[in-house]
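Q: The structure under discussion is supplied below as structure tokens; questions concerning it will follow.
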Amino acid sequence: MSASPRALARLAAGPALAAALVLGSAAAASAHVRVVPETTAAGGWTVLTFRVPNESPTSATTRVTVDLPTDTPLTSVSTQPVPGWSATVERGALPEPVEVDGTTLTQAPLHVTWTADGAGIGDGEFQQFAISVGPLPAAGTELVLPAHQEYADGEVVDWDQVAEGDEEPDSPAPTFTTTEAAADGHGHGTADASGDGSEDAGAGDEVGAGDAGSGSSTDDAGALPVVLGGLGLAAGVGALVVAVLAWRRAGAR
């Protein structure tokens, strides 16, 4: 028994509606402030990029504030210029003293704020704000960086909820977890407290010296493919000769 056009339309509408709900919920879940670290190696320096989409169809985002951790403070924070925006780093007293690399800290950078000098982030737009920070705390430390998004109409959206389990909260805070430093003890982009990268230069010198001392083993390893290639060529020529002789015998017959 054939189905009527109306019944077929209902059957088609069901999957289409389900797909629309899935796509809509996925878009809503992704439309929040995120942080993208350049590297996460413990003890290293990194660039943190905050991606801020505008979620209001009627009002522009005009200010973004990120709260920096106080239990594992980042002793150095610098901002990257963004056209049309002014950035400030606020330093202040920590809730309680924290020891970092043998030094007791009572003050540290607490907040970074970007304020629009013009129109801000409009409907259907996003902006990226980057800061250079370091050194990162021990491997396995989760850094929670709550963000506060202010709109021209006075609305403030706080992205400050921390996930419990696998379910993402409605307003998740930007987070990332530090990882182990490189085997040589230096994370990508690491430097000493002065930030001049002198330790990295020393590490590079050591690597160069090691390479010079291992030249003979490198030459031996490089010769092996040449020998194998010559043997393969000889085998190919032998096979060609055999084939030609077989062809001639067949022609003689």
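Identifiers for the structure tokens are assigned positionally: chains receive A, B, ... in sequence, residues are indexed from 1 per chain, and ligands are indexed from 1 in the order shown.
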Run DSSP on the backbone and tell me which residues of range 40-188 of chain A come out as strand (DSSP E or B); list them as a PyMOL selection string.
A: chain A and resi 41+46-53+61-67+76-79+85-100+103-116+121+126-134+142-144+147-151+156-159+161+164+167+172+175-177+179
Q: Applying 6 Å and only C-alpha atoms, which residues near range 168-177 of chain A remain after dropping the ones on its own chain fewer than 4 positions away? List them as a PyMOL selection string.
A: chain A and resi 34-35+140-146+159-163
Q: Which residues are close to Thr40 in chain A, i.e. within 10 Å by only C-alpha atoms, leaving aside same-chain residues fewer than 2 positions away? Reply as a PDB file with C-alpha atoms, in the first residue's frame.
A:
ATOM      1  CA  VAL A  36      44.215  28.129  22.645  1.00  0.00           C
ATOM      2  CA  PRO A  37      47.726  27.692  24.122  1.00  0.00           C
ATOM      3  CA  GLU A  38      50.707  27.754  21.787  1.00  0.00           C
ATOM      4  CA  ALA A  42      55.670  22.967  32.325  1.00  0.00           C
ATOM      5  CA  GLY A  43      58.235  25.652  33.133  1.00  0.00           C
ATOM      6  CA  GLY A  44      57.905  27.125  29.659  1.00  0.00           C
ATOM      7  CA  TRP A  45      56.552  30.340  28.217  1.00  0.00           C
ATOM      8  CA  THR A  46      53.567  30.329  25.916  1.00  0.00           C
ATOM      9  CA  VAL A  47      51.150  32.501  23.984  1.00  0.00           C
ATOM     10  CA  LEU A  48      47.525  32.111  25.058  1.00  0.00           C
ATOM     11  CA  LEU A 136      53.869  27.659  33.348  1.00  0.00           C
ATOM     12  CA  PRO A 137      53.369  25.623  36.556  1.00  0.00           C
ATOM     13  CA  ALA A 139      52.854  19.323  34.615  1.00  0.00           C
ATOM     14  CA  GLY A 140      49.297  18.210  35.217  1.00  0.00           C
ATOM     15  CA  THR A 141      48.149  21.607  36.528  1.00  0.00           C
ATOM     16  CA  PHE A 176      44.016  24.037  29.636  1.00  0.00           C
ATOM     17  CA  THR A 177      46.331  21.580  31.403  1.00  0.00           C
ATOM     18  CA  THR A 178      50.110  21.795  31.493  1.00  0.00           C
ATOM     19  CA  THR A 179      52.230  18.915  30.216  1.00  0.00           C
ATOM     20  CA  GLU A 180      55.703  17.548  30.875  1.00  0.00           C
ATOM     21  CA  ALA A 181      58.642  19.631  29.746  1.00  0.00           C
ATOM     22  CA  GLY A 187      59.876  23.357  27.427  1.00  0.00           C
ATOM     23  CA  HIS A 188      59.162  24.875  24.025  1.00  0.00           C
ATOM     24  CA  GLY A 189      59.641  28.593  24.269  1.00  0.00           C
TER      25      GLY A 189
END
Q: Dump as JSON lines the rows for residues of range 101-149 of chain A within 9 Å of range 88-93 of chain A: closest atom pair and distance in Å with one decimal, only C-alpha atoms counted, ordered by chain and rising residue number.
A:
{"residue": "A:Thr106", "atom": "CA", "partner": "A:Ala93", "partner_atom": "CA", "distance": 5.8}
{"residue": "A:Gln107", "atom": "CA", "partner": "A:Ala93", "partner_atom": "CA", "distance": 4.3}
{"residue": "A:Ala108", "atom": "CA", "partner": "A:Arg91", "partner_atom": "CA", "distance": 5.5}
{"residue": "A:Pro109", "atom": "CA", "partner": "A:Arg91", "partner_atom": "CA", "distance": 4.1}
{"residue": "A:Leu110", "atom": "CA", "partner": "A:Arg91", "partner_atom": "CA", "distance": 5.3}
{"residue": "A:His111", "atom": "CA", "partner": "A:Glu90", "partner_atom": "CA", "distance": 5.2}
{"residue": "A:Val112", "atom": "CA", "partner": "A:Val89", "partner_atom": "CA", "distance": 4.6}
{"residue": "A:Thr113", "atom": "CA", "partner": "A:Thr88", "partner_atom": "CA", "distance": 5.4}
{"residue": "A:Trp114", "atom": "CA", "partner": "A:Thr88", "partner_atom": "CA", "distance": 6.7}
{"residue": "A:Thr115", "atom": "CA", "partner": "A:Thr88", "partner_atom": "CA", "distance": 8.6}
